[in-house]
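The block underneath contains the structure these notes are about, expressed in structure tokens.
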Amino acid sequence: MDDQTSQTESLGVQESQQKADNKFIKISFKKTVIIAVIAAIILVSGMLVYFNKGLLVAATVNGSLISRLDIVQKLEKESGKSLLDSLITEKLVQSEADAKKIIISNDEINAEIKKIEDQVVAQGGTLDAALAAQSMSMNDLRSRIVLQKEMEKLVADKINVTDQEVAQYITDNKVSIPEGQEAAINDQIKSELRNQKLDTEAQALITDLKSKAKIQYFVNY
């Protein structure tokens with residue numbers, strides 16, 4: 001009985017030791033995996049930062065960093081209020097256009113781009129260069145055109161210019177019209193008067209939309 005008991009106890013000890021060893025191996029393996037994952041994350045993060053330095057760093061001066069956050073903070077301080085107001089206006093106009101089911105087609109956008117390009121080319125430039133000079137992309141231009149067209153359609157019934165208004169403008173401003181250029185001058189004056197009305201009515205619409213909107217500000221500039 002003593003020998004059997006001794007053997008049983010010995011087997012129990014071995015099994016316990018084996019279980020302990022297995023548990024230790026599992027824990028060690030998990031730790032190894034965790035360490036490997038952390039190392040991989042650090043490596044990938046380091047590579048992303050290195051290859052995409054422009055996401056965080058705008059420039060270095062003799063090794064001293066200028067972060068993009070520095071630029072953003074300065075721009076917010078100098079232009080944050082006007083830029084935020086502009087973005088709010090865009091949201092309001094887009095919402096109103098959606099509510100009125102106003103849609104700006106690609107044909108309308110492309111026609112306006114062609115008109116702008118023709119004007120730039122006539123002055124000896126290119127559209128790409130003109131956009132680059134204003135730090136704009138083609139998508140930026142298209143977005144501005146859409147916003148402008150939406151505004152025009154929202155106030156379309158208030159910006160018509162009559163022939164009587166053109167004639168009154170010519171009289172009031174004593175415009176001299178060369179012979180044979182009557183039609184061209186009239187069209188030019190009509191366009192100018194229409195733009196004046198558009199500016200006035202657009203500002204009135206924006207003021208009205210803002211007065212009715214629920215706008216919450218979370219930053220103060």
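Residues in the structure tokens are named by chain (A, B, ... in the order shown) and by number from 1 within that chain; ligands are numbered from 1 in the order shown.
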Considering only C-alpha atoms, return as a list in words whatever protein or nucleic-acid residues lie within 12 Å of Gln216 (chain A), sequence-local ones (same chain, fewer than 3 positions apart) excluded.
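Once the adjacent positions are removed, what remains is Leu84, Ile88, Lys210, Ala213, Val219 and Asn220 of chain A.
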Name the residues in contact with Glu182 (chain A) at a cut-off of 12 Å, using only C-alpha atoms, excluding same-chain residues fewer than 6 positions from it; report them as an MDAnalysis selection string.
chainID A and resid 166:167 170 175:176 188:189
Using the selection just defined, write its residues with N, CA and C atoms as a compact mmCIF listing (two decimals), in the first residue's frame.
```
# COMPACT_ATOMS: atom_id res chain seq x y z
N VAL A 166 -32.34 99.17 -67.36
CA VAL A 166 -31.11 99.41 -68.12
C VAL A 166 -31.10 100.83 -68.68
N ALA A 167 -32.23 101.24 -69.25
CA ALA A 167 -32.34 102.59 -69.82
C ALA A 167 -32.17 103.65 -68.73
N ILE A 170 -28.53 103.97 -67.84
CA ILE A 170 -27.78 104.72 -68.86
C ILE A 170 -28.01 106.22 -68.70
N VAL A 175 -24.23 107.33 -69.64
CA VAL A 175 -23.37 106.40 -70.34
C VAL A 175 -23.35 106.75 -71.83
N SER A 176 -22.15 106.89 -72.38
CA SER A 176 -22.00 107.17 -73.81
C SER A 176 -21.84 105.84 -74.54
N GLN A 188 -24.05 94.27 -71.11
CA GLN A 188 -23.06 94.47 -70.06
C GLN A 188 -23.70 95.15 -68.85
N ILE A 189 -24.50 96.17 -69.11
CA ILE A 189 -25.17 96.89 -68.02
C ILE A 189 -26.17 95.98 -67.32
```
Compile the contact shell of Glu165 (chain A) as a ChimeraX atom specification: residues with an atom at most 10 Å away, counting only C-alpha atoms, same-chain residues fewer than 6 positions apart removed.
/A:171,189-190,193
Would you output that residue set with C-alpha atoms, as a PDB file, in the first residue's frame?
```pdb
ATOM      1  CA  THR A 171     -29.606 107.987 -68.223  1.00  0.00           C
ATOM      2  CA  ILE A 189     -25.172  96.892 -68.024  1.00  0.00           C
ATOM      3  CA  LYS A 190     -27.894  94.289 -67.525  1.00  0.00           C
ATOM      4  CA  LEU A 193     -27.319  95.314 -62.502  1.00  0.00           C
TER       5      LEU A 193
END
```
Could you name the residues that touch region 66-69 of chain A at 6 Å or less, counting only C-alpha atoms, but leaving out those on the same chain fewer than 4 positions away, as number ranges by chain?
A: 56-60
Find the residues near region 129-145 of chain A: any atom within 8 Å, counting only C-alpha atoms, skip ones fewer than 5 places away on the same chain, and give them as a VMD selection string.
chain A and resid 109 112 to 113 120
Selection to disk with N, CA and C atoms, as a PDB file, in the first residue's frame:
```pdb
ATOM      1  N   ILE A 109     -22.506  73.233 -64.302  1.00  0.00           N
ATOM      2  CA  ILE A 109     -21.188  73.427 -63.684  1.00  0.00           C
ATOM      3  C   ILE A 109     -20.117  73.544 -64.756  1.00  0.00           C
ATOM      4  N   GLU A 112     -20.148  76.828 -66.631  1.00  0.00           N
ATOM      5  CA  GLU A 112     -19.568  77.929 -65.845  1.00  0.00           C
ATOM      6  C   GLU A 112     -18.046  77.821 -65.812  1.00  0.00           C
ATOM      7  N   ILE A 113     -17.529  76.603 -65.685  1.00  0.00           N
ATOM      8  CA  ILE A 113     -16.081  76.408 -65.705  1.00  0.00           C
ATOM      9  C   ILE A 113     -15.508  76.854 -67.044  1.00  0.00           C
ATOM     10  N   VAL A 120      -9.962  83.525 -68.346  1.00  0.00           N
ATOM     11  CA  VAL A 120      -8.561  83.423 -67.928  1.00  0.00           C
ATOM     12  C   VAL A 120      -7.641  83.335 -69.137  1.00  0.00           C
TER      13      VAL A 120
END
```
Nearby residues (only C-alpha atoms) at most 10 Å from Leu92 (chain A), same-chain spacing under 5 positions excluded, as a CSV table (one decimal) with N, CA and C atoms, in the first residue's frame:
```csv
chain,number,residue,atom,x,y,z
A,86,SER,N,-18.5,81.6,-42.9
A,86,SER,CA,-18.6,81.2,-44.3
A,86,SER,C,-19.1,79.8,-44.4
A,87,LEU,N,-18.6,78.9,-43.5
A,87,LEU,CA,-19.1,77.5,-43.5
A,87,LEU,C,-20.5,77.3,-43.1
A,97,ALA,N,-31.5,74.9,-50.4
A,97,ALA,CA,-31.6,74.4,-51.8
A,97,ALA,C,-32.1,73.0,-51.8
A,98,ASP,N,-31.7,72.1,-50.8
A,98,ASP,CA,-32.3,70.8,-50.7
A,98,ASP,C,-33.8,70.8,-50.5
A,205,LEU,N,-31.2,87.0,-48.0
A,205,LEU,CA,-31.6,85.6,-47.8
A,205,LEU,C,-30.7,84.9,-46.7
A,206,ILE,N,-29.4,85.2,-46.7
A,206,ILE,CA,-28.5,84.6,-45.6
A,206,ILE,C,-28.9,85.1,-44.3
A,209,LEU,N,-32.1,83.3,-43.3
A,209,LEU,CA,-31.8,81.9,-42.9
A,209,LEU,C,-31.2,81.8,-41.5
A,210,LYS,N,-30.2,82.7,-41.3
A,210,LYS,CA,-29.5,82.7,-40.0
A,210,LYS,C,-30.5,83.0,-38.8
A,213,ALA,N,-32.4,79.8,-38.2
A,213,ALA,CA,-31.7,78.5,-37.9
A,213,ALA,C,-31.3,78.5,-36.4
```
Please determine, counting only C-alpha atoms, which residue among A:Ser82, A:Gln168, A:Asn195, A:Thr89 has the shortest atom-to-atom distance to Ala156 (chain A).
A:Asn195
Could you check how far CA of Ile116 (chain A) sits from CA of Val146 (chain A), in Å to one decimal?
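Computing the Euclidean distance for CA of Ile116 (chain A) and CA of Val146 (chain A) yields 14.0 Å.
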What parts of region 63-137 of chain A does DSSP call alpha helix (DSSP H)? I'd like the answer as a VMD selection string.
chain A and resid 68 to 99 106 to 122 127 to 133
Take the residues just selected and output them with C-alpha atoms as an mmCIF file, in the first residue's frame.
```
data_model
loop_
_atom_site.group_PDB
_atom_site.id
_atom_site.type_symbol
_atom_site.label_atom_id
_atom_site.label_comp_id
_atom_site.auth_asym_id
_atom_site.auth_seq_id
_atom_site.Cartn_x
_atom_site.Cartn_y
_atom_site.Cartn_z
ATOM 1 C CA ARG A 68 0.596 71.747 -38.684
ATOM 2 C CA LEU A 69 -1.234 72.308 -35.410
ATOM 3 C CA ASP A 70 0.744 75.536 -34.957
ATOM 4 C CA ILE A 71 -0.515 76.728 -38.340
ATOM 5 C CA VAL A 72 -4.091 75.688 -37.671
ATOM 6 C CA GLN A 73 -4.115 77.495 -34.318
ATOM 7 C CA LYS A 74 -2.714 80.677 -35.874
ATOM 8 C CA LEU A 75 -5.170 80.556 -38.773
ATOM 9 C CA GLU A 76 -8.050 79.995 -36.352
ATOM 10 C CA LYS A 77 -6.945 82.995 -34.326
ATOM 11 C CA GLU A 78 -6.644 85.242 -37.385
ATOM 12 C CA SER A 79 -9.460 83.988 -39.627
ATOM 13 C CA GLY A 80 -11.457 81.504 -37.583
ATOM 14 C CA LYS A 81 -14.524 83.717 -37.145
ATOM 15 C CA SER A 82 -14.916 84.643 -40.818
ATOM 16 C CA LEU A 83 -14.195 81.088 -41.987
ATOM 17 C CA LEU A 84 -16.701 79.586 -39.552
ATOM 18 C CA ASP A 85 -19.302 82.115 -40.660
ATOM 19 C CA SER A 86 -18.634 81.186 -44.280
ATOM 20 C CA LEU A 87 -19.055 77.473 -43.541
ATOM 21 C CA ILE A 88 -22.296 78.147 -41.657
ATOM 22 C CA THR A 89 -23.580 80.113 -44.647
ATOM 23 C CA GLU A 90 -22.721 77.238 -46.991
ATOM 24 C CA LYS A 91 -24.625 74.784 -44.776
ATOM 25 C CA LEU A 92 -27.669 77.050 -44.653
ATOM 26 C CA VAL A 93 -27.735 77.618 -48.411
ATOM 27 C CA GLN A 94 -27.275 73.920 -49.166
ATOM 28 C CA SER A 95 -30.056 72.987 -46.738
ATOM 29 C CA GLU A 96 -32.401 75.568 -48.259
ATOM 30 C CA ALA A 97 -31.571 74.371 -51.778
ATOM 31 C CA ASP A 98 -32.277 70.785 -50.739
ATOM 32 C CA ALA A 99 -35.576 71.839 -49.185
ATOM 33 C CA ASN A 106 -23.026 68.823 -64.367
ATOM 34 C CA ASP A 107 -23.821 70.679 -67.594
ATOM 35 C CA GLU A 108 -24.407 73.883 -65.640
ATOM 36 C CA ILE A 109 -21.188 73.427 -63.684
ATOM 37 C CA ASN A 110 -19.130 72.619 -66.779
ATOM 38 C CA ALA A 111 -20.591 75.588 -68.659
ATOM 39 C CA GLU A 112 -19.568 77.929 -65.845
ATOM 40 C CA ILE A 113 -16.081 76.408 -65.705
ATOM 41 C CA LYS A 114 -15.754 76.919 -69.475
ATOM 42 C CA LYS A 115 -16.803 80.546 -69.100
ATOM 43 C CA ILE A 116 -14.215 81.120 -66.370
ATOM 44 C CA GLU A 117 -11.532 79.331 -68.367
ATOM 45 C CA ASP A 118 -12.251 81.443 -71.459
ATOM 46 C CA GLN A 119 -11.870 84.614 -69.392
ATOM 47 C CA VAL A 120 -8.561 83.423 -67.928
ATOM 48 C CA VAL A 121 -7.212 82.361 -71.333
ATOM 49 C CA ALA A 122 -8.235 85.716 -72.820
ATOM 50 C CA LEU A 127 -7.175 77.841 -65.463
ATOM 51 C CA ASP A 128 -4.789 75.469 -63.662
ATOM 52 C CA ALA A 129 -2.367 78.297 -62.924
ATOM 53 C CA ALA A 130 -5.187 80.577 -61.762
ATOM 54 C CA LEU A 131 -6.470 77.906 -59.393
ATOM 55 C CA ALA A 132 -2.983 77.184 -58.067
ATOM 56 C CA ALA A 133 -2.455 80.897 -57.392
#
```
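These are the residues of region 43-220 of chain A assigned strand (DSSP E) by DSSP from backbone coordinates: Val57, Ala58, Ala59, Thr60, Val61, Ser64, Leu65, Ile66 and Ser67 of chain A.
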So how many Å separate CA of Thr200 (chain A) and CA of Tyr169 (chain A), to one decimal?
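Computed distance, CA of Thr200 (chain A) to CA of Tyr169 (chain A), equals 17.3 Å.
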Would you compute the distance between CA of Lys153 (chain A) and CA of Ile102 (chain A)? Give it in Å to one decimal.
7.5 Å
